[in-house]
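Student: Dumping the structure here so I can ask a few things about it.
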Amino acid sequence: MDHKSRRVRLALVSLEDRLAPAAGVFRVVSYNIASSGALPQAGLGTILQGIGSEPVNSNSQPIDVLLLQEVASQAVTTQNVVATLNAAYGAGTYARGSLDGATTGAGTQGIVYNAQKLQLVSEAVIGTAGGAPEQPRQALRYKLQPIGYSAGAAFYVYNSHYKANNDSASLARRLVEANAIRADADALGQGVNIIYAGDFNSYSSSESFYQELLSAGNGQAFDPVNRPGNWDQTASFTDIFTQAPAVSPPNGLTGGGLDSRFDFQLRSGELADGVGLDYWSGSYHTFGNNGSVPMNGNINATTSTALPTLSNRTTILDFLTTVADHLPVVADYRIVTPAAKVSAVTINGGAIQRSRVTSLAVTFDSAVSLPANPATAFQLRRQSDNAVVNLAASVAGNTVTLTFTGGAVQSGSLADGRYTLTALSNSIVSLGGTLDGNADGQPGGDYTLVGTPANKLFRLFGDSDGDGTVTSTDFLAFRLAFLTTGSTFDSDGSGQVSSEDFLQFRLRFLATI
C-alpha cells in the first residue's frame, strides 16, 4: 500500500431502491481492498452491501461485478469476499474468477460476480510482470455475458493495478501496461463493449499511459466524468478523489486524507452508442464521497453529507477509513435495446383459405438468435385434444417459417381443428434479452396465440374463404376445382381433386370450426 500508489476501482452503480429493479441493469464496482496479505479487514461486507443499497438515478441493487485490487489470490482473498456476499444475499448468488496474475508485489487483481445475472466466459492475463521497465503486475481481462441476453450484450473488463509513484520510471512502467492493454483490446475488433478499471495510480490526465488508453482505435477509452486536469492535490476534484479516505488510518494503510483520484472506470465508445449494453449516464461516482469533505480530510468527517439515504451511513463511512486506503468507484450499465417481440404471424402464406393449412410464419420486430434447430423454439398444439404438431423450420431474416412433419397433420396440412401457437421465450434471444412474448416491455414471457375463427389459426377442410364454415360458397369453389390439380381441396395429397376429396368435403358440409 504505497501512498499515491493509485488503485483503479470499478464499481457498477446498482439499482436497488426501486421496488422492482429494471431488467438488464448491472452495477459494477472497482475497489482496492488492500488485502494482498490475505483476508480483508472487518467491515468490508457492510461497505459492499451499502453500495448495493445506495440509490443512483432512482435505482439501487446489489453489486453485479466487483473488481478487486491487492488480493493475495483468488482462492484465499477473493473467495473470502464471495463468502461474505453470499452470507448476505444467499448461497450461490456470487462466484469468483480463478486466474491469478503474476505480480512483483502488492498482490494481484480479482473478480467477484453475480452468478444469477452474469456468466464469466473467459479470463486472461495481459502483459508481462517484472522489474523496470516491465509492468509490476499483470492486468487481468474478463469477458462477461449477461444471462438471458444475446452475445451482443457481452462485455470485457480489464482490471489493472498500475505502477505507483510519480517519478519518470514509474510513469514509463504505467505506459508499458497501457500499451499492452490497448494492443489486446484493439485486437478484439470493432464494436466491443469494454470497461477499463482498477487502481491507475494516476496523478494527471496528461500522463502518457492515460492518453494511450484514450487514443483512437478499436478499444478507445472514454472517461464517463470527462474532467481532465491535475487530479493530485487539486481541490476542484475533491468529489472524485479516491485516495486516501483517512488522515491517520490503522493497519498500516496509506494516510494523508483525500488527496487524489487514483481509481477509475473508463468505457469504450460502444458503451454509449444507444444499442445493447450502455453506461447509465450520471451513475459514475466515488462511493462515500460527494464532495462534502475537504481535501486532505477524513471521509467520515462530521461535515460529510454523503450516503443520506442509508440508515447506517455513519458506520459505513467509518469502515471506509479502516478497511482500505482507497474508496470504491461505482457505475451502472444497462441494456437499452428492447427485447424482441413477435410482430406478425402469417398463416398459410397469407392465403385466405383454411381448407389446407401448410405453414405458419412468425416474424419478430428485431433480429433474434435461435437454437441450432429453430423448430424447438416453438410449440403447436390442437386445442380439442392437446395433440402436438411436429415442426420443421426455416429462417429468413427476422422471420421463421414453420411447416408440419407429423402429429396432428394430414398430408402436409394441419388436421381439422383450432390450434395454439407458442414461441418459447428462453429459446429466442435478442440483443435486448429473451423474447418479450407478453409485450410488457421486459425480457421474458412466452408468446402465445390461441386460435379462434377471428384470428384464423384453425384448419377446416373445405373452407375455401376462411370464414370458419363449409357452405354453398365453398361447394361452388370445390366444383370448379374438381378433377384439377388445385391444392386447396386435395385432402389426401394425391395431386388431383378427386372423388375421395369430395367425400371428405361432403362429410364437412355445413360444419363450423
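Residue numbering restarts at 1 for every chain of the C-alpha cells, chains are lettered A, B, ... in their displayed order, and ligands are numbered from 1 as they appear.
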Per residue of range 160-253 of chain A within 9 Å of range 273-282 of chain A, what are the shortest atom pair and its distance in Å to one decimal, counting only C-alpha atoms, with rows by chain and residue number, as CSV?
Tutor:
```
residue,atom,partner,partner_atom,distance
A:Asn193,CA,A:Leu277,CA,7.5
A:Pro224,CA,A:Ser281,CA,7.8
A:Val225,CA,A:Gly282,CA,8.2
```
Student: Go ahead and write the selection's residues with all heavy atoms as a compact mmCIF listing (two decimals), in the first residue's frame.
Tutor:
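The result, stored in again.txt:
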```txt
# COMPACT_ATOMS: atom_id res chain seq x y z
N ASN A 193 -17.87 -4.03 -26.34
CA ASN A 193 -18.11 -3.33 -25.07
C ASN A 193 -16.94 -3.59 -24.13
O ASN A 193 -16.64 -4.75 -23.81
CB ASN A 193 -19.40 -3.83 -24.42
CG ASN A 193 -20.63 -3.55 -25.26
OD1 ASN A 193 -20.76 -2.49 -25.86
ND2 ASN A 193 -21.54 -4.52 -25.30
N PRO A 224 -16.11 8.55 -18.19
CA PRO A 224 -17.52 8.92 -18.01
C PRO A 224 -17.72 10.30 -17.39
O PRO A 224 -18.71 10.98 -17.70
CB PRO A 224 -18.06 7.83 -17.08
CG PRO A 224 -17.17 6.66 -17.32
CD PRO A 224 -15.81 7.25 -17.57
N VAL A 225 -16.79 10.75 -16.51
CA VAL A 225 -16.98 12.07 -15.90
C VAL A 225 -16.34 13.17 -16.73
O VAL A 225 -16.66 14.34 -16.58
CB VAL A 225 -16.43 12.10 -14.45
CG1 VAL A 225 -17.14 11.08 -13.60
CG2 VAL A 225 -14.93 11.87 -14.42
```
Student: What lies within 7 Å of range 318-332 of chain A using only C-alpha atoms, ignoring chain neighbours under 3 positions off, as number ranges by chain?
Tutor: A: 9-14, 25-34, 41-44, 242-246, 249-250, 253-254, 263-264, 279-280, 283-287, 299-300, 314-315
Student: Determine which residues of range 241-400 of chain A receive a DSSP assignment of strand (DSSP E or B), computed from the backbone, and state them as a PyMOL selection string.
Tutor: chain A and resi 243+260+263-268+277-279+285-286+329-335+342-347+360-364+369+378-382+388-396+399-400
Student: Go through A:Asp223, A:Asp100, A:Asp490, A:Asp465 one by one, measure the shortest atom-to-atom distance of each to Ala197 in chain A using only C-alpha atoms, and give the residue with the smallest value.
Tutor: A:Asp223
